[in-house]
Structures are given as C-alpha cells and as structure tokens.
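Q: A single structure is presented below for examination.
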Amino acid sequence: MSSTIAAIPGPLVVRRDRSRYVIIALLFLGWILGGIDRTVMNFAAVAISKDLGFNATQLGLMISAFFAGYMLMQIPGGMLADKYGPRKVLLIIVFVWSMFTGLTAVAAGLATMLVVRFMFGLGEGPFSPSAGKMISLTFDKKESAKAFSLMLSSSGIVMIVAPVFAGYMVPAVGWRNLFLIIGLAGIAVVVLYYLYLVPRIAQGTGQANQASKDHPTQYRHIFKVPMLWSLMIASFACYTLIWGFSAWMPSYLVKACGINIRAAGWLQSIPGFGTLLGLLGSGFIIDRLSERQNKYFVASAAVLCSFILYPMYQGRMSIPVLITIQTCVNLLTGYISIFLPALLIKKFPTHIVGSAMGTVLFAAQIGSFFAPFVMGMIVDAAGGRIGASFSYLFAMGVVLAISILTIQYDVEKSLPHLLEPKNA
C-alpha cells in the first residue's frame, strides 16, 4: 500500500438535504451489527468456556483475538478510505466481517476460535475510520460531533438490547447458531449499503484522483502533530476502560455474584442507558463548548471514572451498587469516546481524516486488545478474584485524564502544509 494519502481539492460543498441522515442511519445500522457481535461474545463466553474448556486466561485471549485483528486494520483502513473512498471500503468490510461472524459457529477449539475471531476483527477494523471519513465528507466540521454522536448512539442501544437478546438466545438456540444468525443479518446490511450508501458531495469529487497526484501528503507527516499523540494515548486508555469493563462484567455477575446468565443479561441492559445518554448528549454539548471548556470537562470525567471504579477493586458489593457504578462509568466513557474522534474531525484537514482517525483508533484498539487478556491474567494471579482486575482500569482512568490535559489544538502551526489544498 502506498504511504501517500489522496487529497480532495477545493472546499467541499455539502448538500443540505435529508440524504445526509440516510448516511447516518446506515452507519448507525452497521455499528449496531458489529456491536451486537461483540456484546454477544461477552455473554456467550461463559457457554464457550464450558463447551471448549477454556480457563480465564484463554477466555481473555479469545476475546482479545478480535481486537488484535481490529487493531491491525485501523491505519490501513483509514488510508484505504482516503484513497478509494469510504463507500467501497465499507461494502467490502461488512461482507468480510459478516462471513467470519458466521464462521464462529464452526470453531472447535482455541486455535480455530482465535483464527476466526482475529479474521472477524480484520474485517471490522476499517469501519470506524471509514465511517469517520464518510461523516467528514457529508457534514460540516461544526456539525461533526453531533453527527458522530448520532452514529455512535447505536452503541448505547446495543448495550440496552444486546445483553437481553444474548441472555435469552444463547441458552435458547446455542452460541453456535446465534453467531450464524448474526452473520446472515450482516449480508442483508451489505445489500442496503450497496443500494443507498453514497456520499452526498456536490463538488470536488471529479478531480480527486488527479488531485492525489498533484497534492500528495505523506502519511508519516501526521505524527508531527502533538494533538495526534495525545489523542492516541487518550483513546488507548478510554477503550481499555470501555472494553475491559464490558468484557468481564457478565463473568463477574455470574461467578462473583452468583446469578444466572439470563439475569445477567437483564442487569447488563441497564448501564446501556448511561452509554446512550453519554453518546447522544456529548455531540450536542461538545459543539457548544469552547476548546478549553471541553478539555477540562472531559479530563474531569476521566478522573471521576477512576474514583467510581475503585470500590470494585475493594471487594464484593451489592448488585444495585455494582450496576449503578457501571452505569455512571458508561455515561462518562460514552461522552469521552465521542469527544476524541469529534475533535480529530474538527481540527484535521478533510483529506487526511481517514488516515488520522485510523491511527488514533489503532491506539484505541491496542487498549481494547490488552484489556480482557491482562484482566484475565490478573484474575488468575489473584486466585480467581475478578475484582482484583479492576485495579488496571482504575490506573487507565488516571492516564486518560492526563493525556486529555496535554492536548494542543494548534494543528495548523504544527503542519501548515496539511491545510486543505486549494484549487489551482
């Protein structure tokens, strides 16, 4: 793959019609599809570990295998979206990940499960940077946070619906059949994307290929922007919190609190309301606050996450308190997870948004990859005490706050030649 990123010439004139929200609705649907698979895996993990004889470390490795593939495709996915356009990339990757979701049903042991989940991650990896590229083409920068929050609010809906869905469907049809059903649903989404997912840009598309030759931007140049490094560290810590928490909570409820998987499903739907509120509210708040206000507000939310998580390390607590803690953490991390990509879309030139976002999300997925695995090792080292693993998440909350406070907004000063290219 070439390290040159295609530049889109001239100011983009965005058509202000309802078709923009068709784009958001389709991206929303794709995010739901991927989110359901990841959430179902967290609940199916109990049945999978029983059927295939996995210990806590192997279970964590199985969950992490998805994030390894997902992580590796963040940067290439963003570069592909910049070069070939987000529509082509999204069509291919949704088909690929749906195929490997279905193939999860045939996994017979740790080796095959790791391969299938890794390949599923490779398929889904380019979705986030490609979706970010689609939003940057379709919406003005001043509306980017709202558009991103509308798309990612699907994660909150997934967290409300998917745990109940998984809690009933895993015992009812078995985890193998369930992954096959989800894979078939993904093929239907591919058809919708083929028919309706088209970027709504009035000008600037016809000369894109020639512009990539006339105005090339080397990928390595974006690493000269201090903001990129701050966003990478913050995303690593934020996604560690999100996926470390969600990956181990079903097991925590079943093993530490002694409830069955269906009850765990209902309980895990409650924190989804916190996620939904954080994701939806963030887009409207971020677009209205100043840069300085956003920085200190988000850093304060990160510090609050750490303090809220600390009691989980202390030991067992009542289920109502536990669910309240998770709801609060989901609310805060939902807000932060919108702030980070929205800031990137606002500050980086449109023609490199896909590559920059892929780079930031690569760091995020390193956190997602290591969180379940590291927490699994901590659980084994602590003699099976799941609460000990939350010390890792507490530390990540502190790292998140510090990285946000280091954000510098002067992208133009760092790399003035990365400004949007102008027509000759």
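By convention here, the chains of the structure tokens are called A, B, ... in the order presented, each chain's residues are numbered starting at 1, and ligands are numbered starting at 1 in the order presented.
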Applying 8 Å and only C-alpha atoms, which residues near segment 231-239 of chain A remain after dropping the ones on its own chain fewer than 6 positions away? List them as a VMD selection string.
A: chain A and resid 333 336 to 337 340 359 to 368 396 to 397 399 to 401 403 to 404 407
Q: Need to verify the contact set: Val164 of chain A, 12 Å, only C-alpha atoms, exclusion of same-chain residues closer than 3 positions in sequence. Can you return it as a PyMOL selection string?
A: chain A and resi 36+39-40+43+157-161+167-171+250+261-270+272
Q: Convert the current residue selection to file output with N, CA and C atoms, as an mmCIF file, in the first residue's frame.
A:
```
data_model
loop_
_atom_site.group_PDB
_atom_site.id
_atom_site.type_symbol
_atom_site.label_atom_id
_atom_site.label_comp_id
_atom_site.auth_asym_id
_atom_site.auth_seq_id
_atom_site.Cartn_x
_atom_site.Cartn_y
_atom_site.Cartn_z
ATOM 1 N N ILE A 36 -23.451 -5.779 18.246
ATOM 2 C CA ILE A 36 -24.177 -6.963 18.703
ATOM 3 C C ILE A 36 -23.242 -8.156 18.766
ATOM 4 N N THR A 39 -20.935 -7.779 21.808
ATOM 5 C CA THR A 39 -21.657 -7.947 23.072
ATOM 6 C C THR A 39 -22.090 -9.383 23.276
ATOM 7 N N VAL A 40 -22.570 -10.012 22.213
ATOM 8 C CA VAL A 40 -22.989 -11.415 22.309
ATOM 9 C C VAL A 40 -21.806 -12.292 22.710
ATOM 10 N N PHE A 43 -21.285 -12.503 26.405
ATOM 11 C CA PHE A 43 -22.247 -13.363 27.103
ATOM 12 C C PHE A 43 -22.075 -14.830 26.716
ATOM 13 N N ILE A 157 -27.713 1.756 22.324
ATOM 14 C CA ILE A 157 -28.857 0.881 22.049
ATOM 15 C C ILE A 157 -28.432 -0.575 22.088
ATOM 16 N N VAL A 158 -27.243 -0.864 21.541
ATOM 17 C CA VAL A 158 -26.722 -2.234 21.598
ATOM 18 C C VAL A 158 -26.566 -2.681 23.048
ATOM 19 N N MET A 159 -26.061 -1.797 23.896
ATOM 20 C CA MET A 159 -25.841 -2.175 25.291
ATOM 21 C C MET A 159 -27.146 -2.385 26.046
ATOM 22 N N ILE A 160 -28.226 -1.767 25.567
ATOM 23 C CA ILE A 160 -29.528 -1.972 26.200
ATOM 24 C C ILE A 160 -30.172 -3.258 25.695
ATOM 25 N N VAL A 161 -30.136 -3.466 24.395
ATOM 26 C CA VAL A 161 -30.870 -4.574 23.775
ATOM 27 C C VAL A 161 -30.062 -5.871 23.733
ATOM 28 N N GLY A 167 -28.739 -12.928 26.472
ATOM 29 C CA GLY A 167 -29.090 -13.711 27.653
ATOM 30 C C GLY A 167 -30.159 -14.748 27.381
ATOM 31 N N TYR A 168 -31.051 -14.458 26.451
ATOM 32 C CA TYR A 168 -32.106 -15.412 26.089
ATOM 33 C C TYR A 168 -31.696 -16.312 24.920
ATOM 34 N N MET A 169 -31.018 -15.750 23.938
ATOM 35 C CA MET A 169 -30.728 -16.509 22.735
ATOM 36 C C MET A 169 -29.618 -17.544 22.921
ATOM 37 N N VAL A 170 -28.605 -17.239 23.741
ATOM 38 C CA VAL A 170 -27.529 -18.212 23.953
ATOM 39 C C VAL A 170 -28.073 -19.520 24.532
ATOM 40 N N PRO A 171 -28.901 -19.476 25.611
ATOM 41 C CA PRO A 171 -29.470 -20.741 26.093
ATOM 42 C C PRO A 171 -30.507 -21.338 25.133
ATOM 43 N N PRO A 250 -20.172 -9.614 32.598
ATOM 44 C CA PRO A 250 -21.036 -10.794 32.659
ATOM 45 C C PRO A 250 -20.445 -11.914 33.507
ATOM 46 N N ILE A 261 -27.171 -16.510 33.682
ATOM 47 C CA ILE A 261 -26.810 -15.700 32.524
ATOM 48 C C ILE A 261 -27.974 -14.847 32.037
ATOM 49 N N ARG A 262 -29.207 -15.324 32.167
ATOM 50 C CA ARG A 262 -30.355 -14.516 31.735
ATOM 51 C C ARG A 262 -30.535 -13.299 32.640
ATOM 52 N N ALA A 263 -30.383 -13.502 33.938
ATOM 53 C CA ALA A 263 -30.473 -12.372 34.862
ATOM 54 C C ALA A 263 -29.343 -11.380 34.598
ATOM 55 N N ALA A 264 -28.150 -11.918 34.281
ATOM 56 C CA ALA A 264 -27.023 -11.039 33.952
ATOM 57 C C ALA A 264 -27.337 -10.203 32.713
ATOM 58 N N GLY A 265 -28.022 -10.816 31.743
ATOM 59 C CA GLY A 265 -28.405 -10.088 30.539
ATOM 60 C C GLY A 265 -29.307 -8.905 30.846
ATOM 61 N N TRP A 266 -30.321 -9.132 31.666
ATOM 62 C CA TRP A 266 -31.213 -8.034 32.043
ATOM 63 C C TRP A 266 -30.459 -6.945 32.803
ATOM 64 N N LEU A 267 -29.607 -7.351 33.728
ATOM 65 C CA LEU A 267 -28.866 -6.364 34.511
ATOM 66 C C LEU A 267 -27.915 -5.556 33.641
ATOM 67 N N GLN A 268 -27.300 -6.213 32.646
ATOM 68 C CA GLN A 268 -26.353 -5.511 31.793
ATOM 69 C C GLN A 268 -27.023 -4.577 30.799
ATOM 70 N N SER A 269 -28.329 -4.676 30.648
ATOM 71 C CA SER A 269 -29.025 -3.728 29.775
ATOM 72 C C SER A 269 -29.193 -2.365 30.442
ATOM 73 N N ILE A 270 -29.197 -2.332 31.767
ATOM 74 C CA ILE A 270 -29.403 -1.071 32.493
ATOM 75 C C ILE A 270 -28.285 -0.065 32.224
ATOM 76 N N GLY A 272 -26.612 0.328 29.721
ATOM 77 C CA GLY A 272 -26.716 0.804 28.351
ATOM 78 C C GLY A 272 -27.403 2.151 28.250
#
```
Q: Give me the residues within 10 Å of Thr324 of chain A as a PyMOL selection string, counting only C-alpha atoms and dropping any in the same chain fewer than 5 places off.
A: chain A and resi 270-271+274+308+319+329-330
Q: So that I have them on file, write out the residues from the current selection with N, CA and C atoms, as a PDB file, in the first residue's frame.
A:
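Okay, out.pdb is ready:
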```
ATOM      1  N   ILE A 270     -29.197  -2.332  31.767  1.00  0.00           N
ATOM      2  CA  ILE A 270     -29.403  -1.071  32.493  1.00  0.00           C
ATOM      3  C   ILE A 270     -28.285  -0.065  32.224  1.00  0.00           C
ATOM      4  N   PRO A 271     -26.999  -0.447  32.343  1.00  0.00           N
ATOM      5  CA  PRO A 271     -25.933   0.531  32.056  1.00  0.00           C
ATOM      6  C   PRO A 271     -25.952   1.053  30.630  1.00  0.00           C
ATOM      7  N   GLY A 274     -26.994   4.537  30.349  1.00  0.00           N
ATOM      8  CA  GLY A 274     -25.937   5.502  30.626  1.00  0.00           C
ATOM      9  C   GLY A 274     -25.095   5.762  29.396  1.00  0.00           C
ATOM     10  N   ILE A 308     -14.871   6.224  40.710  1.00  0.00           N
ATOM     11  CA  ILE A 308     -16.054   5.371  40.722  1.00  0.00           C
ATOM     12  C   ILE A 308     -15.669   3.893  40.668  1.00  0.00           C
ATOM     13  N   ILE A 319     -25.508  -5.898  44.208  1.00  0.00           N
ATOM     14  CA  ILE A 319     -25.749  -5.784  42.771  1.00  0.00           C
ATOM     15  C   ILE A 319     -26.264  -4.395  42.384  1.00  0.00           C
ATOM     16  N   VAL A 329     -20.013   4.870  34.864  1.00  0.00           N
ATOM     17  CA  VAL A 329     -18.808   4.748  34.046  1.00  0.00           C
ATOM     18  C   VAL A 329     -19.170   4.772  32.564  1.00  0.00           C
ATOM     19  N   ASN A 330     -20.232   4.089  32.197  1.00  0.00           N
ATOM     20  CA  ASN A 330     -20.666   4.082  30.792  1.00  0.00           C
ATOM     21  C   ASN A 330     -21.075   5.467  30.315  1.00  0.00           C
TER      22      ASN A 330
END
```
Q: Measuring between only C-alpha atoms, which one of A:Tyr21, A:Phe390, A:Trp248, A:Phe54 shows the shortest distance to Phe139 of chain A?
A: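 So, comparing all the options, the nearest one is A:Tyr21.
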Q: Which of these, A:Asn294, A:Gln408, A:Ser355, A:Ser391, has the shortest distance to Ile222 of chain A once you count only C-alpha atoms?
A: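 Nearest candidate to Ile222 of chain A out of A:Asn294, A:Gln408, A:Ser355, A:Ser391: A:Ser355.
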Q: Give me the residues within 9 Å of Glu143 of chain A as a CSV table (one decimal) with C-alpha atoms, in the first residue's frame, counting only C-alpha atoms and dropping any in the same chain fewer than 5 places off.
A:
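Once written, selection12.csv looks like this:
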```
chain,number,residue,atom,x,y,z
A,148,PHE,CA,-20.7,11.3,15.2
A,283,GLY,CA,-22.4,15.6,20.4
A,284,PHE,CA,-24.7,18.5,21.3
A,287,ASP,CA,-20.3,21.6,19.6
A,346,LYS,CA,-12.9,19.3,13.6
```
Q: Name the residues of segment 1-221 of chain A that come out as strand (DSSP E or B) in a backbone DSSP run; write them as a VMD selection string.
A: chain A and resid 4 to 5 14 201 217 to 218
Q: Only C-alpha atoms, please: the residues just picked out, written as a compact mmCIF listing (two decimals), in the first residue's frame.
A:
```txt
# COMPACT_ATOMS: atom_id res chain seq x y z
CA THR A 4 0.72 8.69 0.08
CA ILE A 5 -2.70 9.91 1.11
CA VAL A 14 -22.27 19.73 1.20
CA ILE A 201 -20.94 15.79 -2.00
CA THR A 217 0.55 14.16 1.69
CA GLN A 218 2.95 11.67 3.25
```
Q: Residues within 8 Å of Leu72 of chain A, please, as a list of chain:residue names. Count only C-alpha atoms; anything in the same chain fewer than 4 positions from it doesn't count.
A: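 Neighbouring residues, sequence-local ones excluded: A:Ala68, A:Pro76, A:Leu122, A:Gly125, A:Phe362.
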Q: Write out, as an mmCIF file, in the first residue's frame, the residues just selected, with C-alpha atoms.
A:
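What follows is the written file part32.cif:
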```
data_model
loop_
_atom_site.group_PDB
_atom_site.id
_atom_site.type_symbol
_atom_site.label_atom_id
_atom_site.label_comp_id
_atom_site.auth_asym_id
_atom_site.auth_seq_id
_atom_site.Cartn_x
_atom_site.Cartn_y
_atom_site.Cartn_z
ATOM 1 C CA ALA A 68 -5.870 -7.838 17.536
ATOM 2 C CA PRO A 76 -4.706 0.619 6.595
ATOM 3 C CA LEU A 122 -9.618 -7.662 10.416
ATOM 4 C CA GLY A 125 -11.337 -2.840 11.707
ATOM 5 C CA PHE A 362 -5.222 1.828 16.216
#
```
Q: Please give the complete set of residues from segment 33-280 of chain A that DSSP, run on the backbone, assigns to alpha helix (DSSP H), formatted as a PyMOL selection string.
A: chain A and resi 33-52+56-72+74-84+86-103+110-124+127-138+144-173+175-196+208-214+226-251+261-280
Q: Taking 5 positions as the minimum chain separation for residues in the same chain, which residues sit within 8 Å of Leu276 of chain A when counting only C-alpha atoms? Answer as a list in words.
A: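 Non-adjacent residues within range: Ser153, Ser154, Ser155, Gly156, Ile157, Leu331 and Gly334 of chain A.
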Q: Using only C-alpha atoms, which of the listed residues (A:Leu26, A:Ile402, A:Ala131, A:Phe348) sits closest to Lys295 of chain A?
A: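 Among A:Leu26, A:Ile402, A:Ala131, A:Phe348, it is A:Ile402 that comes nearest to Lys295 of chain A.
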Q: Using atom CA of Ile181 of chain A and atom CA of Ser49 of chain A as the two end points, give the distance in Å to one decimal.
A: 20.6 Å
Q: Can you tell me, as an MDAnalysis selection string, what residues are no more than 7 Å from Phe394 of chain A when counting only C-alpha atoms, ignoring any on the same chain fewer than 4 positions away?
A: chainID A and resid 306 309:310 390 398
Q: What's the separation between atom CA of Ser282 of chain A and atom CA of Ile345 of chain A, in Å to one decimal place?
A: 14.8 Å
Q: Taking only C-alpha atoms into account, name the residue in A:Leu197, A:Met151, A:Ala65, A:Leu80 that is nearest to Phe373 of chain A.
A: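 Once distances to Phe373 of chain A are computed over only C-alpha atoms, the minimum belongs to A:Ala65.
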Q: Considering only C-alpha atoms, can you say which of A:Cys328, A:Lys224, A:Ser318, A:Met62 comes closest to Asp410 of chain A?
A: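 Going through A:Cys328, A:Lys224, A:Ser318, A:Met62 one by one, the smallest distance to Asp410 of chain A is for A:Lys224.
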Q: Kindly give the distance, in Å, that separates atom CA of Ile325 of chain A and atom CA of Lys146 of chain A, rounded to a single decimal.
A: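 These two atoms are separated by 26.5 Å.
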Q: Determine the nearest neighbour of Ile323 of chain A from the options A:Cys257, A:Phe28, A:Gly278, A:Phe369, counting only C-alpha atoms.
A: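 Looking at the shortest contact to Ile323 of chain A, the residue is A:Cys257.
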